[in-house]
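Raw upload_11.tsv, TSV, C-alpha atoms:
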```
chain	number	residue	atom	x	y	z
K	26	MET	CA	105.35	181.42	47.47
K	27	ALA	CA	105.84	184.12	50.05
K	28	GLY	CA	109.20	185.67	50.69
K	29	LYS	CA	111.10	182.86	48.98
K	30	THR	CA	113.92	183.01	46.47
K	31	GLY	CA	113.64	179.38	45.45
K	32	PRO	CA	111.25	176.43	45.45
K	33	ASN	CA	110.08	174.76	48.58
K	34	ASP	CA	111.21	171.32	49.65
K	35	PRO	CA	108.40	169.12	51.02
K	36	GLY	CA	110.35	168.51	54.22
K	37	GLY	CA	113.38	166.73	55.56
K	38	GLU	CA	116.89	167.07	54.19
K	39	GLU	CA	117.64	169.34	51.25
K	40	PRO	CA	117.63	167.64	47.84
K	41	HIS	CA	120.88	167.12	46.00
K	42	ASP	CA	122.49	170.29	44.66
K	43	LYS	CA	121.74	169.62	40.99
K	44	VAL	CA	118.11	168.82	41.68
K	45	ARG	CA	117.72	171.89	43.82
K	46	GLN	CA	119.39	174.02	41.16
K	47	LEU	CA	116.93	172.77	38.53
K	48	GLN	CA	114.00	173.50	40.83
K	49	ARG	CA	115.25	177.02	41.44
K	50	GLN	CA	115.63	177.64	37.72
K	51	LEU	CA	112.12	176.39	37.02
K	52	TRP	CA	110.60	178.41	39.85
K	53	ALA	CA	112.46	181.59	38.88
K	54	ALA	CA	111.42	181.26	35.24
K	55	ALA	CA	107.77	180.75	36.22
K	56	LYS	CA	107.88	183.65	38.67
K	57	ARG	CA	109.39	186.07	36.16
K	58	ALA	CA	106.81	185.29	33.48
K	59	PRO	CA	103.33	184.50	34.88
K	60	GLY	CA	102.04	183.77	31.39
K	61	ARG	CA	104.81	181.41	30.45
K	62	ARG	CA	103.88	177.84	29.53
K	63	PHE	CA	106.47	175.13	29.91
K	64	HIS	CA	106.98	172.04	27.82
K	65	ALA	CA	109.78	169.59	27.06
K	66	LEU	CA	110.02	168.73	30.75
K	67	TYR	CA	109.80	164.98	30.32
K	68	ASP	CA	113.54	164.57	29.79
K	69	GLN	CA	114.19	166.36	33.09
K	70	MET	CA	112.32	163.75	35.15
K	71	CYS	CA	114.35	161.00	33.44
K	72	ARG	CA	117.63	162.38	34.81
K	73	ASP	CA	119.58	160.05	37.09
K	74	ASP	CA	119.85	162.62	39.88
K	75	ILE	CA	116.10	163.31	39.75
K	76	LEU	CA	115.31	159.60	40.00
K	77	ARG	CA	117.73	159.17	42.91
K	78	GLU	CA	116.14	162.06	44.78
K	79	ALA	CA	112.70	160.65	44.01
K	80	TRP	CA	113.71	157.30	45.49
K	81	ARG	CA	115.12	158.98	48.57
K	82	ARG	CA	111.79	160.68	49.25
K	83	VAL	CA	109.72	157.59	48.51
K	84	ARG	CA	111.87	155.62	50.94
K	85	ARG	CA	111.49	158.34	53.57
K	86	ASN	CA	107.70	158.28	53.17
K	87	ARG	CA	107.71	154.49	53.58
K	88	GLY	CA	104.27	153.10	52.73
K	89	ALA	CA	102.91	149.66	51.94
K	90	ALA	CA	103.55	147.53	48.88
K	91	GLY	CA	101.40	147.90	45.80
K	92	ILE	CA	99.65	145.34	43.62
K	93	ASP	CA	102.97	143.63	42.88
K	94	ARG	CA	103.62	143.13	46.64
K	95	VAL	CA	107.11	144.63	46.28
K	96	SER	CA	108.03	146.61	49.40
K	97	ILE	CA	110.71	149.21	50.08
K	98	GLN	CA	112.82	146.49	51.70
K	99	ASP	CA	112.43	144.27	48.63
K	100	VAL	CA	113.76	147.06	46.42
K	101	GLU	CA	116.77	147.53	48.69
K	102	GLN	CA	117.52	143.81	48.47
K	103	TYR	CA	117.08	143.89	44.69
K	104	GLY	CA	119.40	146.90	44.40
K	105	VAL	CA	118.32	150.55	44.37
K	106	GLU	CA	120.76	151.63	41.64
K	107	ARG	CA	119.76	148.65	39.56
K	108	LEU	CA	116.06	149.59	39.79
K	109	LEU	CA	116.72	153.27	39.04
K	110	GLN	CA	118.83	152.43	36.00
K	111	GLU	CA	116.08	150.18	34.69
K	112	LEU	CA	113.47	152.87	35.31
K	113	GLY	CA	115.58	155.49	33.56
K	114	GLN	CA	116.04	153.30	30.50
K	115	VAL	CA	112.31	152.54	30.26
K	116	LEU	CA	111.38	156.19	30.72
K	117	ARG	CA	113.85	157.48	28.16
K	118	ALA	CA	112.65	154.87	25.68
K	119	GLY	CA	109.06	156.05	26.17
K	120	GLU	CA	107.95	152.56	27.22
K	121	TYR	CA	106.94	153.24	30.82
K	122	GLY	CA	103.41	152.33	31.87
K	123	ALA	CA	101.91	152.57	35.35
K	124	GLN	CA	100.64	149.43	37.05
K	125	VAL	CA	97.20	148.87	38.54
K	126	VAL	CA	96.62	150.59	41.86
K	127	ARG	CA	95.90	148.37	44.86
K	128	GLY	CA	92.66	149.50	46.52
K	129	VAL	CA	92.11	149.26	50.26
K	130	TYR	CA	89.73	150.84	52.77
K	131	ILE	CA	90.82	152.49	55.98
K	132	PRO	CA	88.50	153.46	58.88
K	133	LYS	CA	87.62	157.11	59.43
K	134	ALA	CA	87.04	158.76	62.80
K	135	ASP	CA	83.27	158.85	62.19
K	136	GLY	CA	83.10	155.10	61.66
K	137	LYS	CA	82.95	155.25	57.86
K	138	MET	CA	85.54	153.79	55.52
K	139	ARG	CA	87.82	155.82	53.26
K	140	PRO	CA	89.05	154.33	49.96
K	141	LEU	CA	92.80	154.43	49.54
K	142	GLY	CA	94.85	153.61	46.47
K	143	ILE	CA	98.36	152.22	46.96
K	144	GLN	CA	100.72	152.46	44.00
K	145	THR	CA	103.69	150.22	43.49
K	146	VAL	CA	107.07	151.47	44.72
K	147	ARG	CA	108.20	151.73	41.11
K	148	ASP	CA	105.25	153.95	40.20
K	149	ARG	CA	105.72	156.07	43.31
K	150	VAL	CA	109.31	156.80	42.28
K	151	VAL	CA	108.19	157.94	38.83
K	152	GLN	CA	105.40	160.06	40.30
K	153	MET	CA	107.82	161.66	42.73
K	154	ALA	CA	110.21	162.43	39.86
K	155	ALA	CA	107.40	164.19	38.01
K	156	LYS	CA	106.53	166.09	41.19
K	157	LEU	CA	110.11	167.29	41.63
K	158	VAL	CA	110.02	168.84	38.17
K	159	LEU	CA	106.45	170.18	38.10
K	160	GLU	CA	106.02	171.42	41.66
K	161	PRO	CA	108.30	174.48	41.51
K	162	ILE	CA	106.51	175.70	38.37
K	163	PHE	CA	103.07	175.61	39.97
K	164	GLU	CA	104.37	176.83	43.31
K	165	ALA	CA	105.17	180.16	41.66
K	166	ASP	CA	101.44	180.69	40.99
K	167	PHE	CA	99.97	179.81	44.38
K	168	GLU	CA	98.66	182.57	46.60
K	169	SER	CA	100.49	183.11	49.86
K	170	CYS	CA	97.29	182.28	51.77
K	171	SER	CA	97.14	178.77	50.28
K	172	TYR	CA	98.41	175.99	52.56
K	173	GLY	CA	96.87	172.68	51.52
K	174	LEU	CA	99.42	170.00	50.60
K	175	ARG	CA	102.13	172.58	49.89
K	176	PRO	CA	105.80	172.08	50.76
K	177	ARG	CA	107.04	173.73	53.93
K	178	ARG	CA	103.53	174.74	54.88
K	179	SER	CA	101.65	173.19	57.75
K	180	ALA	CA	98.20	172.99	59.25
K	181	VAL	CA	99.43	175.09	62.18
K	182	MET	CA	100.40	177.87	59.76
K	183	ALA	CA	96.92	177.72	58.19
K	184	LEU	CA	95.30	177.97	61.63
K	185	GLU	CA	97.46	180.95	62.49
K	186	ARG	CA	96.49	182.62	59.22
K	187	ILE	CA	92.81	182.17	60.11
K	188	ARG	CA	93.46	183.89	63.42
K	189	GLN	CA	95.08	186.84	61.64
K	190	LEU	CA	92.21	187.16	59.18
K	191	SER	CA	89.68	187.05	62.01
K	192	LEU	CA	91.08	190.29	63.45
K	193	GLY	CA	89.82	192.41	60.58
K	194	GLY	CA	87.74	190.08	58.51
K	195	ALA	CA	88.50	188.98	54.97
K	196	GLY	CA	86.56	187.98	51.93
K	197	HIS	CA	87.45	185.28	49.43
K	198	VAL	CA	90.81	184.18	46.77
K	199	LEU	CA	86.06	181.77	45.32
K	200	ASP	CA	83.82	183.21	42.47
K	201	ARG	CA	86.93	184.34	40.60
K	202	LEU	CA	88.44	180.87	40.83
K	203	GLY	CA	85.20	179.14	39.94
K	204	LEU	CA	85.06	177.24	43.24
K	205	LYS	CA	81.97	176.15	45.18
K	206	LEU	CA	81.59	175.30	48.85
K	207	HIS	CA	80.66	171.77	49.86
K	208	PRO	CA	77.03	171.98	51.08
K	209	GLN	CA	77.45	169.27	53.73
K	210	LYS	CA	80.83	170.45	55.03
K	211	THR	CA	80.14	174.19	55.09
K	212	ARG	CA	78.06	176.34	57.42
K	213	ARG	CA	77.90	180.00	58.35
K	214	VAL	CA	79.28	180.77	61.81
K	215	GLU	CA	78.78	183.96	63.79
K	216	LEU	CA	82.17	184.57	65.42
K	217	ALA	CA	81.42	188.02	66.85
K	218	ASP	CA	81.70	188.22	70.65
K	219	GLY	CA	82.40	184.51	70.85
K	220	ARG	CA	78.84	183.54	69.99
K	221	GLU	CA	79.78	180.49	67.97
K	222	GLY	CA	82.84	178.45	67.13
K	223	PHE	CA	83.81	175.82	64.61
K	224	ASP	CA	86.08	172.82	64.25
K	225	PHE	CA	88.84	172.86	61.65
K	226	LEU	CA	91.99	170.77	61.21
K	227	GLY	CA	91.43	169.04	64.54
K	228	CYS	CA	91.03	172.30	66.49
K	229	HIS	CA	88.04	174.14	67.87
K	230	LEU	CA	88.21	177.85	67.07
K	231	ARG	CA	86.21	180.42	69.00
K	232	LYS	CA	86.62	184.07	69.92
K	233	ARG	CA	87.40	184.91	73.54
K	234	MET	CA	87.58	188.29	75.21
K	235	SER	CA	91.04	189.45	76.28
K	236	GLY	CA	90.98	189.47	80.07
K	237	ARG	CA	94.15	191.54	80.35
K	238	LEU	CA	92.83	194.38	78.21
K	239	TRP	CA	89.61	194.41	80.20
K	240	GLU	CA	91.41	194.48	83.53
K	241	GLN	CA	93.95	197.12	82.50
K	242	LYS	CA	91.99	199.41	80.17
K	243	ARG	CA	88.39	198.23	80.37
K	244	LEU	CA	88.51	197.47	76.65
K	245	LYS	CA	86.58	194.60	75.13
K	246	ARG	CA	88.55	192.87	72.41
K	247	TYR	CA	87.83	189.39	71.17
K	248	ASP	CA	90.67	187.30	69.77
K	249	LEU	CA	90.29	183.99	67.99
K	250	HIS	CA	91.52	181.19	70.23
K	251	ARG	CA	92.04	177.58	69.34
K	252	TRP	CA	92.36	174.35	71.27
K	253	PRO	CA	91.94	170.61	70.56
K	254	SER	CA	88.44	169.75	69.39
K	255	ARG	CA	86.26	167.30	71.27
K	256	ARG	CA	86.97	164.67	68.64
K	257	ALA	CA	90.73	165.24	68.97
K	258	MET	CA	90.51	164.84	72.75
K	259	ASN	CA	88.51	161.64	72.40
K	260	ARG	CA	90.98	160.22	69.90
K	261	VAL	CA	94.05	160.81	72.05
K	262	ARG	CA	92.28	159.29	75.08
K	263	GLU	CA	91.32	156.30	72.95
K	264	ARG	CA	94.92	155.85	71.83
K	265	VAL	CA	96.21	156.08	75.40
K	266	ARG	CA	93.59	153.55	76.48
K	267	GLU	CA	94.69	151.17	73.71
K	268	LEU	CA	98.30	151.35	74.94
K	269	THR	CA	97.43	150.85	78.61
K	270	PRO	CA	95.11	147.81	78.77
K	271	ARG	CA	94.80	146.01	82.10
K	272	GLY	CA	96.69	143.08	80.60
K	273	ARG	CA	99.90	145.13	80.56
K	274	CYS	CA	99.95	145.53	84.33
K	275	HIS	CA	102.76	142.98	84.71
K	276	GLN	CA	104.96	144.55	82.04
K	277	ASP	CA	107.78	146.91	82.87
K	278	VAL	CA	106.24	150.38	83.13
K	279	ARG	CA	109.14	151.75	81.12
K	280	SER	CA	108.06	149.74	78.07
K	281	VAL	CA	104.53	151.10	78.37
K	282	ILE	CA	105.83	154.66	78.69
K	283	ALA	CA	108.14	154.14	75.72
K	284	GLU	CA	105.06	153.47	73.56
K	285	LEU	CA	103.03	156.30	75.09
K	286	ASN	CA	105.65	159.01	74.62
K	287	PRO	CA	105.63	159.18	70.78
K	288	VAL	CA	101.84	159.52	70.86
K	289	LEU	CA	101.96	162.28	73.46
K	290	ARG	CA	104.81	164.13	71.78
K	291	GLY	CA	103.25	164.01	68.33
K	292	TRP	CA	99.83	165.07	69.61
K	293	GLY	CA	101.39	167.79	71.74
K	294	GLN	CA	103.52	169.17	68.92
K	295	TYR	CA	100.46	169.62	66.73
K	296	PHE	CA	98.17	171.11	69.36
K	297	GLY	CA	100.93	172.84	71.32
K	298	SER	CA	100.21	176.17	69.67
K	299	GLY	CA	97.29	178.27	70.66
K	300	ASN	CA	95.28	178.01	73.86
K	301	SER	CA	95.57	174.34	74.79
K	302	ALA	CA	96.95	174.55	78.34
K	303	ASN	CA	93.82	173.26	80.09
K	304	HIS	CA	93.39	170.45	77.57
K	305	PHE	CA	97.02	169.40	77.98
K	306	THR	CA	96.49	169.23	81.74
K	307	ASP	CA	93.42	167.03	81.19
K	308	VAL	CA	95.35	164.61	78.97
K	309	ASP	CA	98.21	164.46	81.48
K	310	ALA	CA	95.72	163.61	84.21
K	311	TYR	CA	94.15	160.88	82.06
K	312	VAL	CA	97.55	159.33	81.31
K	313	LEU	CA	98.36	159.37	85.02
K	314	ARG	CA	95.10	157.60	85.87
K	315	ARG	CA	95.74	154.89	83.29
K	316	LEU	CA	99.31	154.23	84.47
K	317	LYS	CA	98.29	154.30	88.10
K	318	GLY	CA	95.52	151.85	87.30
K	319	LEU	CA	98.09	149.41	85.92
K	320	ARG	CA	100.06	149.64	89.15
K	321	LEU	CA	96.96	149.08	91.25
K	322	LYS	CA	95.96	146.09	89.14
K	323	ARG	CA	99.42	144.59	89.47
K	324	THR	CA	99.58	145.05	93.25
K	325	GLY	CA	96.03	143.90	93.91
K	326	ARG	CA	95.38	142.87	97.51
K	327	ASN	CA	99.01	143.38	98.42
K	328	LEU	CA	98.58	147.17	98.32
K	329	SER	CA	100.01	148.70	101.47
K	330	ALA	CA	98.86	151.88	103.20
K	331	GLY	CA	100.02	155.01	101.37
K	332	GLN	CA	101.57	153.07	98.49
K	333	ALA	CA	99.09	154.36	95.89
K	334	GLN	CA	99.88	157.97	96.83
K	335	ARG	CA	103.49	157.46	95.80
K	336	TRP	CA	102.44	156.65	92.25
K	337	ASP	CA	102.09	160.29	91.30
K	338	ARG	CA	103.19	162.29	88.28
K	339	ASP	CA	106.77	162.63	89.47
K	340	TYR	CA	107.00	158.86	89.95
K	341	PHE	CA	106.11	158.08	86.35
K	342	GLU	CA	108.17	160.96	85.00
K	343	SER	CA	111.18	159.41	86.70
K	344	PHE	CA	110.72	156.59	84.16
K	345	GLY	CA	110.72	159.10	81.29
K	346	LEU	CA	107.00	159.87	80.86
K	347	HIS	CA	106.48	162.89	78.63
K	348	ARG	CA	104.62	165.81	80.22
K	349	LEU	CA	102.29	167.90	78.05
K	350	ARG	CA	101.67	170.60	80.61
K	351	GLY	CA	104.05	173.49	80.14
K	352	THR	CA	104.78	172.81	76.46
K	353	VAL	CA	102.18	175.17	74.97
K	354	ARG	CA	103.60	177.87	72.73
K	355	TYR	CA	102.06	180.33	70.32
K	356	PRO	CA	103.54	180.45	66.82
K	357	GLY	CA	102.83	184.08	66.02
K	358	LYS	CA	103.14	185.26	62.44
K	359	PRO	CA	104.55	182.53	60.21
K	360	PRO	CA	108.06	183.39	58.97
K	361	GLY	CA	108.23	184.70	55.44
K	362	HIS	CA	104.50	185.45	55.33
K	363	ARG	CA	103.27	188.47	53.43
K	364	SER	CA	99.99	190.24	53.01
K	365	THR	CA	97.60	189.03	50.32
K	366	ARG	CA	96.17	192.50	49.69
K	367	ASN	CA	95.52	193.14	46.00
K	368	SER	CA	96.27	189.49	45.25
K	369	ALA	CA	92.72	188.99	44.03
K	370	SER	CA	93.40	191.17	41.02
K	371	ARG	CA	96.07	188.85	39.67
K	372	GLN	CA	94.76	186.20	37.30
K	373	PRO	CA	96.79	182.98	37.34
K	374	PRO	CA	97.38	181.26	34.02
K	375	VAL	CA	95.10	178.42	33.08
K	376	SER	CA	97.94	175.96	32.80
K	377	ARG	CA	101.69	176.12	33.25
K	378	VAL	CA	102.48	172.96	31.31
K	379	ARG	CA	101.79	172.66	27.63
K	380	GLU	CA	99.87	169.53	26.72
K	381	ILE	CA	101.79	167.38	24.24
K	382	ARG	CA	100.29	164.23	22.76
K	383	THR	CA	103.59	162.41	22.42
K	384	HIS	CA	104.62	162.85	26.02
K	385	GLY	CA	106.87	159.82	26.30
K	386	LEU	CA	104.52	157.64	28.32
K	387	ASN	CA	103.17	154.31	27.10
K	388	ARG	CA	105.50	154.15	24.11
K	389	GLY	CA	105.05	157.80	23.16
K	390	VAL	CA	107.86	159.77	21.62
K	391	GLY	CA	110.06	161.47	24.21
K	392	SER	CA	110.26	165.27	24.37
K	393	GLU	CA	113.28	167.03	23.04
K	394	PRO	CA	115.78	168.23	25.66
K	395	GLY	CA	115.81	171.73	27.07
K	396	LEU	CA	113.36	174.14	28.66
K	397	ARG	CA	111.24	176.17	26.28
K	398	ALA	CA	108.51	178.74	26.51
K	399	ASP	CA	105.83	179.53	23.98
```

Could you take the file, read its structure, and then write that structure out as structure tokens?
Amino acid sequence: MAGKTGPNDPGGEEPHDKVRQLQRQLWAAAKRAPGRRFHALYDQMCRDDILREAWRRVRRNRGAAGIDRVSIQDVEQYGVERLLQELGQVLRAGEYGAQVVRGVYIPKADGKMRPLGIQTVRDRVVQMAAKLVLEPIFEADFESCSYGLRPRRSAVMALERIRQLSLGGAGHVLDRLGLKLHPQKTRRVELADGREGFDFLGCHLRKRMSGRLWEQKRLKRYDLHRWPSRRAMNRVRERVRELTPRGRCHQDVRSVIAELNPVLRGWGQYFGSGNSANHFTDVDAYVLRRLKGLRLKRTGRNLSAGQAQRWDRDYFESFGLHRLRGTVRYPGKPPGHRSTRNSASRQPPVSRVREIRTHGLNRGVGSEPGLRAD
């Protein structure tokens, strides 16, 4: 937690005041006493306001139905307050038990299949309630250089942090933590003078010499640049191709563009930081070729002289087509970021939450109210 006075919110609107107040209290208590261990938190996740906030986030995340085939829409028809009251009663009675997780497989970019477990909506609400209570406690212990699956932290911020570390070099927050590198997903890369690069989080990162410094002062300085990886470029082209099949040539071009724009905007927002200008121009050109191809297919032999030349970028932008070129920006130093110097000397506690056998789940005895520390 860098430069924060309260816990992070995993995105979207701020939680309700009482929930946010509880999170701030938990975070502040954990921050003040690194060795403190919390218990008696079960009653907090049973609170009505916590369950309502948990439902709000589960609904915002959407997601498929679980093993019981009950969807978000089904819950809304059943009655949200009715479900939350029932959940609260079961939780407070210590009779809650999670249902079986529905297992599915989703395709990966490399052609393999990834197993995915889908919980029921009911279980997701309970899990989110536990997250609302536990997250601020553990957030107080995370290093400022940690970004994975943390609230209000993004992949773009992690990429920018890598660029900063590449300027002077840095050794690693691993032996001390007892972590090991994955042998198949890890390799040593020589970044000096732009000799090698690597792909990470959808980007290709490689050092490039600053042309301005060389022209002005004859100084050679290599900065770490990033742009969409080859796989990321292939994936966006594939998605554009899926949305512009030849069979759509007789559809209104505005409907085709309406489906293309969210893809282009989302892809552009992620890769719009760094050094992606040339790649954005390439994607724009590919989109133009696909849309122009639909027009040519529709016109067929009736194409008149000079008609194809009128189907240029400006023509399709007049129908609202999103342009990637010109949207590149560089994020700079993430707001609220602080140096991690001397952070390696701080030893985080083994666990923040005291393990209690009678934790209130599966007919266990509920914890007593209040927040305590050993």

With distances taken over all atoms listed in the file, the candidate from K:Cys228, K:Val261, K:Leu108, K:Val288 nearest K:Asn300 is K:Cys228

Using only C-alpha atoms, the residue out of K:Glu221, K:Ala154, K:Ser235, K:Arg177 with shortest distance to K:Arg72 is K:Ala154

Contacts of stretch 209-212 of chain K within 12 Å, all atoms listed in the file, excl. fewer than 6 positions in-chain, as JSON, numbers by chain: {"K": [221, 222, 223, 224, 225]}

Give me the residues near K:Arg273 as a ChimeraX atom specification, where near means some atom within 10 Å (using all atoms listed in the file) and where sequence neighbours in that chain fewer than 3 positions away do not count.
/K:268-270,276-278,280-281,316,319-320,322-323

Notebook entry, point to check: Counting all atoms listed in the file, what is within 10 Å of K:Val125, bar same-chain residues fewer than 2 positions away, as a list in words?
Noted result: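 The residues that qualify are Gly91, Ile92, Asp93, Gly122, Ala123, Arg127, Gly128, Gly142, Ile143, Gln144, Thr145 and Asp148 of chain K.
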
Which residues, written as a VMD selection string, have at least one atom at most 10 Å from K:Leu47, with all atoms listed in the file counted and residues fewer than 5 positions away on the same chain left out? chain K and resid 32 42 52 to 53 69 75 157 to 158 161

One residue among K:Ser343, K:Asn303, K:Thr324, K:Gln48 is nearest to K:Glu164 when using only C-alpha atoms, and that residue is K:Gln48

Every residue with an atom at most 10 Å from (111.7, 166.3, 41.9) (file coordinates; all atoms listed in the file) is what I'm after, so could you write them as an NGL selection string? :K and (34 or 40 or 44-45 or 47-48 or 69-70 or 74-80 or 82 or 150-161)

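The shortest atom-to-atom distance to K:His275, with all atoms listed in the file taken into account, belongs to K:Leu321 out of K:Leu321, K:Leu238, K:Val126, K:Ala302.
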
As an MDAnalysis selection string, please: the residues near K:Gly299 (cut-off 12 Å, all atoms listed in the file, same-chain neighbours under 6 positions excluded). chainID K and resid 181:182 184:185 188 228:231 248:253 293 305 352:357

Using only C-alpha atoms, please write the residues we just selected to a file, as a short mmCIF file (atom, residue, chain, number, x, y, z; two decimals), in the frame of the given file.
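selection.cif was written with the following content:
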```
data_model
loop_
_atom_site.label_atom_id
_atom_site.label_comp_id
_atom_site.auth_asym_id
_atom_site.auth_seq_id
_atom_site.Cartn_x
_atom_site.Cartn_y
_atom_site.Cartn_z
CA VAL K 181 99.43 175.09 62.18
CA MET K 182 100.40 177.87 59.76
CA LEU K 184 95.30 177.97 61.63
CA GLU K 185 97.46 180.95 62.49
CA ARG K 188 93.46 183.89 63.42
CA CYS K 228 91.03 172.30 66.49
CA HIS K 229 88.04 174.14 67.87
CA LEU K 230 88.21 177.85 67.07
CA ARG K 231 86.21 180.42 69.00
CA ASP K 248 90.67 187.30 69.77
CA LEU K 249 90.29 183.99 67.99
CA HIS K 250 91.52 181.19 70.23
CA ARG K 251 92.04 177.58 69.34
CA TRP K 252 92.36 174.35 71.27
CA PRO K 253 91.94 170.61 70.56
CA GLY K 293 101.39 167.79 71.74
CA PHE K 305 97.02 169.40 77.98
CA THR K 352 104.78 172.81 76.46
CA VAL K 353 102.18 175.17 74.97
CA ARG K 354 103.60 177.87 72.73
CA TYR K 355 102.06 180.33 70.32
CA PRO K 356 103.54 180.45 66.82
CA GLY K 357 102.83 184.08 66.02
#
```

Find, counting only C-alpha atoms, the residue in K:Asp73, K:Glu101, K:Glu267, K:Asp68 that gets nearest to K:Arg117.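 Closest candidate: K:Asp68.
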
From atom CA of K:Tyr172 to atom CA of K:Arg147 the spacing works out at 28.6 Å

Original post:
What is the distance between atom CA of K:Val95 and atom CA of K:Leu66, in Å to one decimal?
Top reply: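 Between atom CA of K:Val95 and atom CA of K:Leu66 the gap works out to 28.8 Å.
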
With distances taken over only C-alpha atoms, the candidate from K:Gly325, K:Lys317, K:Arg57, K:Leu244 nearest K:Asp337 is K:Lys317

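Across the structure, atom CA of K:Arg243 and atom CA of K:Gly219 are spaced 17.7 Å apart.
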